[in-house]
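Engineer: Can you keep this structure in mind? I'll have questions shortly.
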Amino acid sequence: MKRLLPATIIAALFAVGWYHWPASPRPFTAADIAILESLTLASLPPLPPDPGNPVADDPRAAVFGHALFFDTRLSRNGGISCATCHQPERNFTDGLPKAQALGTSRRNTPSIVGTAYSPWQYWDGRRDSQWAQALSPLEDPNEHGSDRQTLVRLIAEDPDYAACYTGLFGELPDLQDAAGVDAAFANIGRVFAAYERLLMPGPAPFDEYVAAVVAGDTERQAELFSDDEVVGLQLFIGKANCTQCHNGPLLTNNEFHNTGVIAAPGELPDKGRVVGAREVLADPFNCAGAFGAGSPSACAELEFMRTGPELIGAFRTPSLRGVAETAPYMHTGQLPTLGEVVEHYNLAPLAMIGHNEAKPLKLRRGELRQLEAFLLTLSAPPAVDAKWLRAPARD
């Protein structure tokens with residue numbers, strides 16, 4: 001005969017959150033619906049300009065950048081391309097704690113989908129445009145390990161690339177002209193950005209669900225979301241306070257926050273944005289530099305960015321679009337699963353350096369599971385033609 005748990009033990013399990021009856025969805029209020037609409041791709045504004053990049057929206061530049069993105073010849077050993085780490089089938093990440101190319105990078109590979117909307121690139125924001133960011137891996141000894149003169153020579157010696165370049169920018173420089181090589185190197189970054197600007201997230205089940213909520217179509221809502229997913233969404237915009245940082249159509253505020261993520265075993269804590277801010281100011285390819293927009297009005301983000309000690313241990317809020325495809329999580333892949341991520345925020349541990357801005361959520365086990373169920377509804381392929389997600393054919 002099965003023994004029943006004493007009432008006192010059952011009460012204790014409820015009290016500590018190890019057991020509880022699953023919550024049921026509640027009706028959305030008008031205020032809830034306004035928040036939901038602000039999170040959908042239907043609310044995404046037009047693509048912002050790319051300061052310092054006159055070919056940002058030139059289709060010829062996108063074709064050129066697409067070819068370069070998948071070209072392994074842009075690496076020292078001829079075996080590494082941008083797509084080595086930014087794999088289309090993984091939402092342009094690589095599934096590793098830290099990027100692996102010629103060597104091991106110091107951080108996790110972030111997705112580049114939708115990053116045209118961010119004023120800052122990388123986990124620490126050390127570059128302030130997609131085109132400036134695209135230049136860094138090319139000369140990083142742990143990534144492509146090449147150099148700008150070699151890359152300009154490659155373009156000059158490839159007839160197709162040379163024709164693309166001259167059609168966009170005019171004649172290639174003499175390789176002994178250091179200033180000319182620098183300018184051509186900047187142009188390489190610009191065509192990368194023209195391609196990457198095409199990489200936008202596609203509508204996910206979440207977007208369809210919100211459209212059904214707005215339309216009052218309860219039948220369609222039931223088809224799209226389970227009760228757990230609905231409760232998870234309600235936790236996301238309510239009790240869990242996720243929208244404090246993960247807001248807007250791309251579910252990121254593109255700001256920097258210290259959330260108390262523990263350093264990977266054997267590593268010192270990463271100072272994050274406080275160092276990245278210094279690096280972006282020193283970058284010769286930043287918005288205010290000789291190759292950028294050069295206009296203070298176009299570089300407001302750079303001019304007015306925060307640089308204070310409150311940024312110690314802070315990292316850029318990643319988009320949650322396609323988050324299920326981008327494991328492992330955090331700046332060095334410290335957390336392997338989404339379940340561990342929501343548990344981390346639920347506990348909000350003390351930061352190793354700086355101050356953890358997050359507060360314990362006090363969610364029960366079932367609520368954590370429901371929140372994770374909602375996050376899985378944010379997956380969708382990028383909203384581009386499939387040809388942009390694979391290497392172009394070469395004759």
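Letters A, B, ... go to the chains of the structure tokens in the order shown; residues in each chain start at 1; ligands are counted from 1 in the same order.
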Tell me which protein, DNA and RNA residues are within 12 Å of Asp207 (chain A), counting only C-alpha atoms, leaving out same-chain ones fewer than 4 positions away, and put them as a PyMOL selection string.

Structural biologist: chain A and resi 36-44+201-203+211-214+221+224-225+233+249-250+321+374+377-380

Engineer: Quick one: everything within 10 Å of region 91-106 of chain A, counting only C-alpha atoms, minus sequence neighbours fewer than 5 positions away in the same chain. Send it as a ChimeraX atom specification.

Structural biologist: /A:75-77,79-86,111-113,137,140-145,199,201,264,270,321-336,379-382,389

Engineer: Extract, using only C-alpha atoms, all DNA, RNA and protein residues at most 10 Å from Glu310 (chain A), discarding same-chain residues fewer than 5 positions from it, and format them as a ChimeraX atom specification.

Structural biologist: /A:256-258,273-274,354-355,357

Engineer: Enumerate, as JSON, numbers by chain, the complete set of residues in region 99-262 of chain A that a backbone-based DSSP assignment places in alpha helix (DSSP H).

Structural biologist: {"A": [130, 131, 132, 133, 134, 135, 136, 137, 138, 139, 148, 149, 150, 151, 152, 153, 154, 155, 156, 157, 159, 160, 161, 162, 163, 164, 165, 166, 167, 168, 169, 178, 179, 180, 181, 182, 183, 184, 185, 186, 187, 188, 189, 190, 191, 192, 193, 194, 195, 196, 205, 206, 207, 208, 209, 210, 211, 212, 213, 214, 215, 218, 219, 220, 221, 222, 223, 224, 227, 228, 229, 230, 231, 232, 233, 234, 235, 236, 237]}

Engineer: Quick one: everything within 10 Å of region 292-300 of chain A, counting only C-alpha atoms, minus sequence neighbours fewer than 4 positions away in the same chain. Send it as a list in words.

Structural biologist: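 Selected residues are Pro49, Asp50, Pro51, Gly52, Asn53, Pro54, Pro119, Asp128, Ser129, Trp131, Ala132, Ala186, Pro284, Phe285, Asn286, Cys287, Ala288, Phe304 and Met305 of chain A.
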
Engineer: Let's have the selection written as a PDB file, in the first residue's frame, with C-alpha atoms.

Structural biologist:
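Heads up, here's the output in part-v9.pdb:
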```
ATOM      1  CA  PRO A  49      21.563  54.524 -40.920  1.00  0.00           C
ATOM      2  CA  ASP A  50      25.112  53.174 -40.621  1.00  0.00           C
ATOM      3  CA  PRO A  51      27.328  56.232 -39.928  1.00  0.00           C
ATOM      4  CA  GLY A  52      30.497  56.209 -41.958  1.00  0.00           C
ATOM      5  CA  ASN A  53      29.223  53.572 -44.380  1.00  0.00           C
ATOM      6  CA  PRO A  54      28.074  55.055 -47.698  1.00  0.00           C
ATOM      7  CA  PRO A 119      24.868  51.149 -31.436  1.00  0.00           C
ATOM      8  CA  ASP A 128      30.378  51.107 -32.422  1.00  0.00           C
ATOM      9  CA  SER A 129      29.284  49.843 -35.850  1.00  0.00           C
ATOM     10  CA  TRP A 131      31.553  47.565 -40.182  1.00  0.00           C
ATOM     11  CA  ALA A 132      34.123  48.464 -37.521  1.00  0.00           C
ATOM     12  CA  ALA A 186      37.744  50.113 -43.804  1.00  0.00           C
ATOM     13  CA  PRO A 284      40.616  54.430 -35.277  1.00  0.00           C
ATOM     14  CA  PHE A 285      37.556  53.078 -37.087  1.00  0.00           C
ATOM     15  CA  ASN A 286      35.010  54.445 -34.619  1.00  0.00           C
ATOM     16  CA  CYS A 287      32.217  56.795 -35.691  1.00  0.00           C
ATOM     17  CA  ALA A 288      34.191  59.957 -34.923  1.00  0.00           C
ATOM     18  CA  PHE A 304      27.608  60.687 -24.635  1.00  0.00           C
ATOM     19  CA  MET A 305      28.333  57.072 -23.680  1.00  0.00           C
TER      20      MET A 305
END
```

Engineer: For a quick check of understanding, using only C-alpha atoms, which of A:Gly232, A:Gly180, A:Gly276, A:Pro59 has the smallest distance to Leu368 (chain A)?

Structural biologist: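 Once distances to Leu368 (chain A) are computed over only C-alpha atoms, the minimum belongs to A:Gly232.
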
Engineer: Which neighbours of Val280 (chain A) fall inside 6 Å, counting only C-alpha atoms, when residues of the same chain fewer than 2 positions from it are skipped, and could you give them as a short mmCIF file (atom, residue, chain, number, x, y, z; two decimals) with C-alpha atoms, in the first residue's frame?

Structural biologist:
```
data_model
loop_
_atom_site.label_atom_id
_atom_site.label_comp_id
_atom_site.auth_asym_id
_atom_site.auth_seq_id
_atom_site.Cartn_x
_atom_site.Cartn_y
_atom_site.Cartn_z
CA ARG A 126 34.25 47.81 -27.97
CA ARG A 127 33.14 48.67 -31.50
CA ALA A 277 34.31 51.74 -23.43
CA ARG A 278 37.98 52.67 -23.42
CA ALA A 282 40.64 54.42 -29.00
CA ASP A 283 39.45 52.59 -32.12
#
```

Engineer: Find the residue from A:Arg148, A:His66, A:Arg190, A:Arg60 that sits nearest to Leu175 (chain A); use only C-alpha atoms when measuring.

Structural biologist: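 Closest candidate: A:Arg148.
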
Engineer: Ranking A:Gly260, A:Gly125, A:Gly216, A:Pro349 by minimum distance to Thr307 (chain A) and counting only C-alpha atoms, which one comes first?

Structural biologist: A:Gly125

Engineer: Let me make sure I understand: among A:Ala240, A:Val191, A:Pro269, A:Thr317, which one has the smallest atom-to-atom distance to Leu347 (chain A) if we use only C-alpha atoms?

Structural biologist: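 The closest residue to Leu347 (chain A) is A:Ala240.
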
Engineer: Env of Met200 (chain A): 9 Å cut, atoms = only C-alpha atoms, seq-sep filter 3 positions within chain, self excluded. Answer as an NGL selection string.

Structural biologist: :A and (112-116 or 196-197 or 382-384)

Engineer: Keeping only C-alpha atoms, take the residues you just selected and write them out as a PDB file, in the first residue's frame.

Structural biologist:
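Wrote it out as part.pdb, contents follow:
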```pdb
ATOM      1  CA  ILE A 112      24.835  38.997 -35.430  1.00  0.00           C
ATOM      2  CA  VAL A 113      21.137  38.774 -36.367  1.00  0.00           C
ATOM      3  CA  GLY A 114      19.517  42.167 -35.867  1.00  0.00           C
ATOM      4  CA  THR A 115      22.717  43.837 -34.663  1.00  0.00           C
ATOM      5  CA  ALA A 116      22.324  46.601 -37.240  1.00  0.00           C
ATOM      6  CA  GLU A 196      24.997  41.684 -42.198  1.00  0.00           C
ATOM      7  CA  ARG A 197      22.337  44.414 -42.331  1.00  0.00           C
ATOM      8  CA  PRO A 382      16.148  34.858 -40.216  1.00  0.00           C
ATOM      9  CA  ALA A 383      13.849  36.854 -42.471  1.00  0.00           C
ATOM     10  CA  VAL A 384      16.044  36.669 -45.576  1.00  0.00           C
TER      11      VAL A 384
END
```

Engineer: Wanna dump the region 293-344 of chain A-region 350-353 of chain A contacts at 12 Å for me, each residue with its shortest atom pair and the distance in Å to one decimal, counting only C-alpha atoms, ordered by chain and number, as a tab-separated table?

Structural biologist:
```
residue	atom	partner	partner_atom	distance
A:Pro309	CA	A:Ile353	CA	10.7
A:Glu310	CA	A:Ile353	CA	10.4
A:Leu311	CA	A:Ile353	CA	10.2
A:Ile312	CA	A:Ile353	CA	6.9
A:Gly313	CA	A:Ile353	CA	6.1
A:Ala314	CA	A:Ile353	CA	9.5
A:His344	CA	A:Leu350	CA	10.9
```

Engineer: Quick one: write out the picked residues with C-alpha atoms as a short mmCIF file (atom, residue, chain, number, x, y, z; two decimals), in the first residue's frame?

Structural biologist:
```cif
data_model
loop_
_atom_site.label_atom_id
_atom_site.label_comp_id
_atom_site.auth_asym_id
_atom_site.auth_seq_id
_atom_site.Cartn_x
_atom_site.Cartn_y
_atom_site.Cartn_z
CA PRO A 309 32.90 52.44 -12.60
CA GLU A 310 29.25 51.34 -12.55
CA LEU A 311 30.09 49.50 -15.79
CA ILE A 312 32.56 47.13 -14.12
CA GLY A 313 31.46 43.60 -14.95
CA ALA A 314 28.65 44.82 -17.22
CA HIS A 344 20.62 32.22 -12.44
#
```

Engineer: Would you list, as a ChimeraX atom specification, the residues of region 183-381 of chain A that end up in strand (DSSP E or B) under DSSP run on this structure's backbone?

Structural biologist: /A:201,256-257,272,314-316,329,335
